[in-house]
Amino acid sequence: MLESESTAASGQGKFALVSIRLPVALTFAALIGGLLAGIVGGLAGAPQGVSDIAGLVGGLWLRALQMTIIPLVAALLVLGLVQMILAARVGTVARRMIALMVFVQLAGGAFASIFMPMLLRTFPVPEGASAFLAQTPSDVGEVPKVLDFLASLVSPNIVAAAAETAMLPLTLFFVMFAVAITRLPEEQSERLLGVFHALGNAMLLIIGWVLSAAPVGVFALAYGVGVQSGGGAFAALGHYVLTVTAMGTFVLVLAYAVAIGLGRTGGRFVTAMLPAQAVALSTQSSLASLPAMLDSAGRLGIRPSTAEFVLPLAVVIFRATSAAMNLAVVYYVAALAGVEVPLTVAIAGIFIASVISLSAVSLPGSISFVVSIGPIALAMGVPVEPLALLVAVEMLPDLMRTLGNVTMNVAVTSAVDRSADEAIAQP
């Protein structure tokens, strides 16, 4: 999503979040400029002190980014899950919609977990990409044994789990917490939601301030990468964009399968989606594409009552490509760090990626990148430090994210409308 897009996409009703603008284009330019400066500095024999200062500046910015992850994820998980639970209570249409959303996220996560490692074995990460791990602690990559992993699913001290960034027990706790909130008396429920709403807005303001300094932090980090890797850094970034985008392509293809198979739209879906897809690519915003999506739904003969309920809700709580592409990023960083992901950890990653994707309210791409992928990486034992640089090129994979999300939103709407027709036709 571009810097002009803000959290206003979710700003309807009681879950409204603050509006934030981010310097996306400037951050991308800082990445390129930092890499070029590092390459030139390495060739010219720049003093080590320059690299040390750049490492200090980049490290401080990176730690400032990391400190917001846990409280922001907690707030957004609770708000998003409560919103989804309340939507499911509306009626059959909402429940069918959410069931399809869960299926899409799990299918995308499973696909990425199987095929992303295969893709990276077939087309390995280019040499020199290891420089992206410059800020990574040396003890990253320890793989827990199966019994130790299962024992870690529940933490006896949730505060200690937060301090240790143990994302799996934290995620399970906040899922249960969100369900519990919906079972409380209305006054108590509203009071607790108000606390998490305020916490989420406060954390968004802080992370917005941190990301407003992204051009400086990214330039400093990129300088160190350029010194160490030379031109190999550009090859690594291109390789990263292509492989992560490939995982999003699966969700785009799945959208056509959902529309044609479950929505019974036939070949009409291909032509009906073209205007909405054009808007999606030009704006990189699902919210801005909503009018075009409603128009596409009308072209497909979807009842206005279904489209006008499902599509706005999908824009807020559904990110079809998130589980697949977020896990793809994590597996790419795992390949950079030489981390082997065992089956149990991979399954946990799919679960966390799906829960966070389904509960994450609409956020600008840069914030969503950090908030959604950071917890998955932490849960899978993969370093989060490279995300600080990869966020600078997110504007490129974000094209596929928006295209896949918009296409799947209409596909799910067609499937929900079709199932409603079949339910009415039954005696």
# chains A, B, ... in the order shown; residues from 1 in each chain; ligands from 1
call {"tool": "residues_around", "arguments": {"residues": "Val382 of chain A", "least_positions_apart": "6", "cutoff": "9 Å", "atoms": "only C-alpha atoms", "output": "ChimeraX atom specification"}}
result
/A:140-141,330-331,333-334,337,339,341,376
call {"tool": "write_last_selection", "arguments": {"atoms": "all heavy atoms", "output": "tab-separated table (two decimals), in the first residue's frame"}}
result
chain	number	residue	atom	x	y	z
A	140	VAL	N	20.47	-17.37	17.14
A	140	VAL	CA	19.24	-17.62	16.41
A	140	VAL	C	19.36	-18.93	15.64
A	140	VAL	O	20.42	-19.26	15.11
A	140	VAL	CB	18.93	-16.46	15.44
A	140	VAL	CG1	17.87	-16.86	14.43
A	140	VAL	CG2	18.47	-15.25	16.22
A	141	GLY	N	18.24	-19.66	15.55
A	141	GLY	CA	18.23	-20.85	14.71
A	141	GLY	C	18.23	-22.15	15.47
A	141	GLY	O	18.30	-23.21	14.88
A	330	VAL	N	9.04	-15.44	5.80
A	330	VAL	CA	9.69	-16.11	6.93
A	330	VAL	C	10.60	-17.23	6.43
A	330	VAL	O	11.74	-17.39	6.91
A	330	VAL	CB	8.64	-16.66	7.91
A	330	VAL	CG1	9.31	-17.51	9.00
A	330	VAL	CG2	7.87	-15.51	8.56
A	331	TYR	N	10.14	-18.01	5.47
A	331	TYR	CA	10.97	-19.11	4.94
A	331	TYR	C	12.17	-18.55	4.18
A	331	TYR	O	13.24	-19.18	4.17
A	331	TYR	CB	10.13	-20.02	4.04
A	331	TYR	CG	9.36	-21.06	4.81
A	331	TYR	CD1	8.00	-20.91	5.04
A	331	TYR	CD2	10.00	-22.17	5.34
A	331	TYR	CE1	7.29	-21.86	5.78
A	331	TYR	CE2	9.30	-23.13	6.07
A	331	TYR	CZ	7.94	-22.96	6.29
A	331	TYR	OH	7.25	-23.89	7.03
A	333	VAL	N	13.79	-15.74	4.97
A	333	VAL	CA	14.75	-15.35	6.01
A	333	VAL	C	15.36	-16.59	6.66
A	333	VAL	O	16.55	-16.60	7.00
A	333	VAL	CB	14.07	-14.45	7.06
A	333	VAL	CG1	15.03	-14.11	8.19
A	333	VAL	CG2	13.55	-13.17	6.41
A	334	ALA	N	14.56	-17.64	6.83
A	334	ALA	CA	15.09	-18.89	7.39
A	334	ALA	C	16.20	-19.44	6.49
A	334	ALA	O	17.23	-19.93	6.98
A	334	ALA	CB	13.97	-19.91	7.54
A	337	ALA	N	19.32	-17.48	7.03
A	337	ALA	CA	19.98	-17.76	8.31
A	337	ALA	C	20.39	-19.22	8.46
A	337	ALA	O	21.02	-19.57	9.46
A	337	ALA	CB	19.05	-17.37	9.45
A	339	VAL	N	18.30	-21.71	8.91
A	339	VAL	CA	17.42	-22.32	9.91
A	339	VAL	C	16.57	-23.40	9.24
A	339	VAL	O	15.87	-23.13	8.26
A	339	VAL	CB	16.51	-21.26	10.55
A	339	VAL	CG1	15.52	-21.91	11.51
A	339	VAL	CG2	17.35	-20.22	11.29
A	341	VAL	N	13.35	-25.65	9.40
A	341	VAL	CA	12.05	-25.58	10.06
A	341	VAL	C	11.43	-26.98	10.12
A	341	VAL	O	11.04	-27.52	9.08
A	341	VAL	CB	11.11	-24.62	9.32
A	341	VAL	CG1	9.75	-24.55	10.02
A	341	VAL	CG2	11.72	-23.22	9.23
A	376	ILE	N	5.23	-14.30	13.39
A	376	ILE	CA	5.43	-15.62	12.76
A	376	ILE	C	6.89	-16.02	12.84
A	376	ILE	O	7.22	-17.16	13.21
A	376	ILE	CB	4.95	-15.60	11.30
A	376	ILE	CG1	3.50	-15.13	11.19
A	376	ILE	CG2	5.09	-16.99	10.68
A	376	ILE	CD1	3.05	-14.85	9.77
call {"tool": "select_by_dssp", "arguments": {"residues": "segment 227-422 of chain A", "states": "alpha helix (DSSP H)", "output": "MDAnalysis selection string"}}
result
chainID A and resid 227:229 232:257 268:283 290:299 304:317 322:337 343:359 365:379 387:390 397:422
call {"tool": "closest_residue", "arguments": {"among": "A:Val102, A:Leu43, A:Val315, A:Leu281", "to": "Ala353 of chain A", "atoms": "only C-alpha atoms"}}
result
A:Val102
call {"tool": "residues_around", "arguments": {"residues": "Arg319 of chain A", "least_positions_apart": "2", "cutoff": "7 Å", "atoms": "only C-alpha atoms", "output": "list in words"}}
result
Ile317, Thr321, Ser322, Ser357, Leu358 and Asn405 of chain A
call {"tool": "residues_around", "arguments": {"residues": "Ile350 of chain A", "least_positions_apart": "4", "cutoff": "8 Å", "atoms": "only C-alpha atoms", "output": "list in words"}}
result
Leu106, Gly109, Ala110, Ser113, Ala323, Leu327, Ala346 and Ser354 of chain A
call {"tool": "closest_residue", "arguments": {"among": "A:Leu77, A:Ala30, A:Ala233, A:Val310", "to": "Phe173 of chain A", "atoms": "only C-alpha atoms"}}
result
A:Leu77
call {"tool": "closest_atom_pairs", "arguments": {"of": "segment 47-107 of chain A", "to": "segment 219-228 of chain A", "cutoff": "12 Å", "atoms": "only C-alpha atoms", "output": "JSON lines"}}
result
{"residue": "A:Pro47", "atom": "CA", "partner": "A:Val227", "partner_atom": "CA", "distance": 11.1}
{"residue": "A:Gln48", "atom": "CA", "partner": "A:Val227", "partner_atom": "CA", "distance": 10.2}
{"residue": "A:Gly49", "atom": "CA", "partner": "A:Gly224", "partner_atom": "CA", "distance": 11.4}
{"residue": "A:Val50", "atom": "CA", "partner": "A:Gly224", "partner_atom": "CA", "distance": 9.2}
{"residue": "A:Ser51", "atom": "CA", "partner": "A:Gly224", "partner_atom": "CA", "distance": 6.0}
{"residue": "A:Asp52", "atom": "CA", "partner": "A:Gly224", "partner_atom": "CA", "distance": 8.6}
{"residue": "A:Ile53", "atom": "CA", "partner": "A:Ala220", "partner_atom": "CA", "distance": 8.3}
{"residue": "A:Ala54", "atom": "CA", "partner": "A:Ala220", "partner_atom": "CA", "distance": 4.6}
{"residue": "A:Gly55", "atom": "CA", "partner": "A:Leu221", "partner_atom": "CA", "distance": 6.3}
{"residue": "A:Leu56", "atom": "CA", "partner": "A:Ala220", "partner_atom": "CA", "distance": 8.3}
{"residue": "A:Val57", "atom": "CA", "partner": "A:Ala220", "partner_atom": "CA", "distance": 6.3}
{"residue": "A:Gly58", "atom": "CA", "partner": "A:Leu221", "partner_atom": "CA", "distance": 4.9}
{"residue": "A:Gly59", "atom": "CA", "partner": "A:Leu221", "partner_atom": "CA", "distance": 7.6}
{"residue": "A:Leu60", "atom": "CA", "partner": "A:Ala220", "partner_atom": "CA", "distance": 10.3}
{"residue": "A:Trp61", "atom": "CA", "partner": "A:Leu221", "partner_atom": "CA", "distance": 9.3}
{"residue": "A:Leu62", "atom": "CA", "partner": "A:Leu221", "partner_atom": "CA", "distance": 8.9}
call {"tool": "write_last_selection", "arguments": {"atoms": "all heavy atoms", "output": "mmCIF file, in the first residue's frame"}}
result
data_model
loop_
_atom_site.group_PDB
_atom_site.id
_atom_site.type_symbol
_atom_site.label_atom_id
_atom_site.label_comp_id
_atom_site.auth_asym_id
_atom_site.auth_seq_id
_atom_site.Cartn_x
_atom_site.Cartn_y
_atom_site.Cartn_z
ATOM 1 N N PRO A 47 36.644 4.249 5.966
ATOM 2 C CA PRO A 47 37.054 3.887 7.327
ATOM 3 C C PRO A 47 36.028 2.976 8.012
ATOM 4 O O PRO A 47 34.816 3.117 7.792
ATOM 5 C CB PRO A 47 37.159 5.236 8.038
ATOM 6 C CG PRO A 47 37.332 6.237 6.950
ATOM 7 C CD PRO A 47 36.570 5.710 5.775
ATOM 8 N N GLN A 48 36.517 2.080 8.863
ATOM 9 C CA GLN A 48 35.632 1.176 9.591
ATOM 10 C C GLN A 48 34.673 1.949 10.486
ATOM 11 O O GLN A 48 33.544 1.508 10.738
ATOM 12 C CB GLN A 48 36.468 0.208 10.443
ATOM 13 C CG GLN A 48 35.659 -0.783 11.260
ATOM 14 C CD GLN A 48 34.805 -1.689 10.382
ATOM 15 O OE1 GLN A 48 35.228 -2.069 9.288
ATOM 16 N NE2 GLN A 48 33.611 -2.027 10.854
ATOM 17 N N GLY A 49 35.108 3.124 10.945
ATOM 18 C CA GLY A 49 34.253 3.929 11.801
ATOM 19 C C GLY A 49 32.942 4.315 11.153
ATOM 20 O O GLY A 49 31.918 4.432 11.827
ATOM 21 N N VAL A 50 32.951 4.501 9.830
ATOM 22 C CA VAL A 50 31.717 4.838 9.114
ATOM 23 C C VAL A 50 30.722 3.685 9.220
ATOM 24 O O VAL A 50 29.528 3.878 9.497
ATOM 25 C CB VAL A 50 32.012 5.175 7.645
ATOM 26 C CG1 VAL A 50 30.711 5.448 6.887
ATOM 27 C CG2 VAL A 50 32.946 6.367 7.542
ATOM 28 N N SER A 51 31.222 2.463 9.006
ATOM 29 C CA SER A 51 30.358 1.281 9.127
ATOM 30 C C SER A 51 29.860 1.109 10.552
ATOM 31 O O SER A 51 28.710 0.712 10.773
ATOM 32 C CB SER A 51 31.117 0.032 8.678
ATOM 33 O OG SER A 51 31.440 0.096 7.304
ATOM 34 N N ASP A 52 30.722 1.391 11.522
ATOM 35 C CA ASP A 52 30.320 1.258 12.924
ATOM 36 C C ASP A 52 29.203 2.231 13.271
ATOM 37 O O ASP A 52 28.239 1.872 13.961
ATOM 38 C CB ASP A 52 31.527 1.493 13.840
ATOM 39 C CG ASP A 52 32.577 0.401 13.714
ATOM 40 O OD1 ASP A 52 32.230 -0.690 13.217
ATOM 41 O OD2 ASP A 52 33.737 0.638 14.098
ATOM 42 N N ILE A 53 29.329 3.469 12.808
ATOM 43 C CA ILE A 53 28.287 4.472 13.078
ATOM 44 C C ILE A 53 26.993 4.084 12.374
ATOM 45 O O ILE A 53 25.897 4.179 12.953
ATOM 46 C CB ILE A 53 28.759 5.871 12.633
ATOM 47 C CG1 ILE A 53 29.923 6.342 13.503
ATOM 48 C CG2 ILE A 53 27.604 6.868 12.696
ATOM 49 C CD1 ILE A 53 30.562 7.635 13.031
ATOM 50 N N ALA A 54 27.090 3.626 11.122
ATOM 51 C CA ALA A 54 25.893 3.194 10.392
ATOM 52 C C ALA A 54 25.236 2.013 11.106
ATOM 53 O O ALA A 54 24.006 1.949 11.221
ATOM 54 C CB ALA A 54 26.275 2.804 8.961
ATOM 55 N N GLY A 55 26.056 1.076 11.606
ATOM 56 C CA GLY A 55 25.510 -0.064 12.340
ATOM 57 C C GLY A 55 24.802 0.352 13.614
ATOM 58 O O GLY A 55 23.760 -0.203 13.974
ATOM 59 N N LEU A 56 25.362 1.360 14.312
ATOM 60 C CA LEU A 56 24.730 1.858 15.531
ATOM 61 C C LEU A 56 23.381 2.502 15.228
ATOM 62 O O LEU A 56 22.369 2.202 15.874
ATOM 63 C CB LEU A 56 25.660 2.863 16.214
ATOM 64 C CG LEU A 56 25.079 3.590 17.445
ATOM 65 C CD1 LEU A 56 24.761 2.590 18.550
ATOM 66 C CD2 LEU A 56 26.031 4.664 17.931
ATOM 67 N N VAL A 57 23.355 3.379 14.219
ATOM 68 C CA VAL A 57 22.113 4.072 13.858
ATOM 69 C C VAL A 57 21.059 3.062 13.399
ATOM 70 O O VAL A 57 19.904 3.098 13.842
ATOM 71 C CB VAL A 57 22.378 5.114 12.757
ATOM 72 C CG1 VAL A 57 21.060 5.701 12.241
ATOM 73 C CG2 VAL A 57 23.281 6.230 13.276
ATOM 74 N N GLY A 58 21.459 2.149 12.512
ATOM 75 C CA GLY A 58 20.521 1.142 12.028
ATOM 76 C C GLY A 58 20.040 0.227 13.140
ATOM 77 O O GLY A 58 18.854 -0.136 13.197
ATOM 78 N N GLY A 59 20.938 -0.147 14.060
ATOM 79 C CA GLY A 59 20.561 -1.021 15.164
ATOM 80 C C GLY A 59 19.578 -0.371 16.111
ATOM 81 O O GLY A 59 18.625 -1.013 16.593
ATOM 82 N N LEU A 60 19.783 0.910 16.403
ATOM 83 C CA LEU A 60 18.848 1.627 17.273
ATOM 84 C C LEU A 60 17.467 1.695 16.639
ATOM 85 O O LEU A 60 16.436 1.490 17.311
ATOM 86 C CB LEU A 60 19.379 3.044 17.551
ATOM 87 C CG LEU A 60 20.586 3.142 18.494
ATOM 88 C CD1 LEU A 60 21.109 4.574 18.527
ATOM 89 C CD2 LEU A 60 20.214 2.684 19.894
ATOM 90 N N TRP A 61 17.423 2.008 15.347
ATOM 91 C CA TRP A 61 16.125 2.069 14.660
ATOM 92 C C TRP A 61 15.454 0.689 14.637
ATOM 93 O O TRP A 61 14.248 0.565 14.860
ATOM 94 C CB TRP A 61 16.320 2.576 13.237
ATOM 95 C CG TRP A 61 15.035 2.623 12.461
ATOM 96 C CD1 TRP A 61 14.030 3.532 12.587
ATOM 97 C CD2 TRP A 61 14.603 1.687 11.472
ATOM 98 N NE1 TRP A 61 12.998 3.230 11.722
ATOM 99 C CE2 TRP A 61 13.329 2.109 11.025
ATOM 100 C CE3 TRP A 61 15.178 0.545 10.902
ATOM 101 C CZ2 TRP A 61 12.615 1.421 10.050
ATOM 102 C CZ3 TRP A 61 14.468 -0.145 9.928
ATOM 103 C CH2 TRP A 61 13.193 0.296 9.505
ATOM 104 N N LEU A 62 16.237 -0.362 14.425
ATOM 105 C CA LEU A 62 15.702 -1.717 14.394
ATOM 106 C C LEU A 62 15.101 -2.098 15.747
ATOM 107 O O LEU A 62 13.998 -2.654 15.816
ATOM 108 C CB LEU A 62 16.811 -2.702 14.010
ATOM 109 C CG LEU A 62 16.469 -4.188 14.048
ATOM 110 C CD1 LEU A 62 15.337 -4.498 13.093
ATOM 111 C CD2 LEU A 62 17.705 -5.021 13.708
#
call {"tool": "closest_atom_pairs", "arguments": {"of": "segment 21-113 of chain A", "to": "segment 190-212 of chain A", "cutoff": "8 Å", "atoms": "only C-alpha atoms", "output": "Markdown table"}}
result
| residue | atom | partner | partner_atom | distance |
| --- | --- | --- | --- | --- |
| A:Arg21 | CA | A:Gly208 | CA | 7.6 |
| A:Leu22 | CA | A:Ser212 | CA | 6.0 |
| A:Pro23 | CA | A:Ser212 | CA | 6.3 |
| A:Trp61 | CA | A:Val210 | CA | 7.2 |
| A:Ala64 | CA | A:Val210 | CA | 6.7 |
| A:Leu65 | CA | A:Val210 | CA | 6.3 |
| A:Thr68 | CA | A:Met203 | CA | 6.4 |
| A:Pro71 | CA | A:Met203 | CA | 7.1 |
| A:Leu72 | CA | A:Gly200 | CA | 5.5 |
| A:Ala75 | CA | A:Phe196 | CA | 5.0 |
| A:Leu76 | CA | A:Gly200 | CA | 6.3 |
| A:Val78 | CA | A:Phe196 | CA | 7.2 |
| A:Leu79 | CA | A:His197 | CA | 7.0 |
call {"tool": "closest_residue", "arguments": {"among": "A:Ile158, A:Val384, A:Ala255, A:Ala348", "to": "Leu403 of chain A", "atoms": "only C-alpha atoms"}}
result
A:Ala255
call {"tool": "closest_residue", "arguments": {"among": "A:Thr122, A:Gln105, A:Ser19, A:Ser368", "to": "Thr243 of chain A", "atoms": "only C-alpha atoms"}}
result
A:Thr122
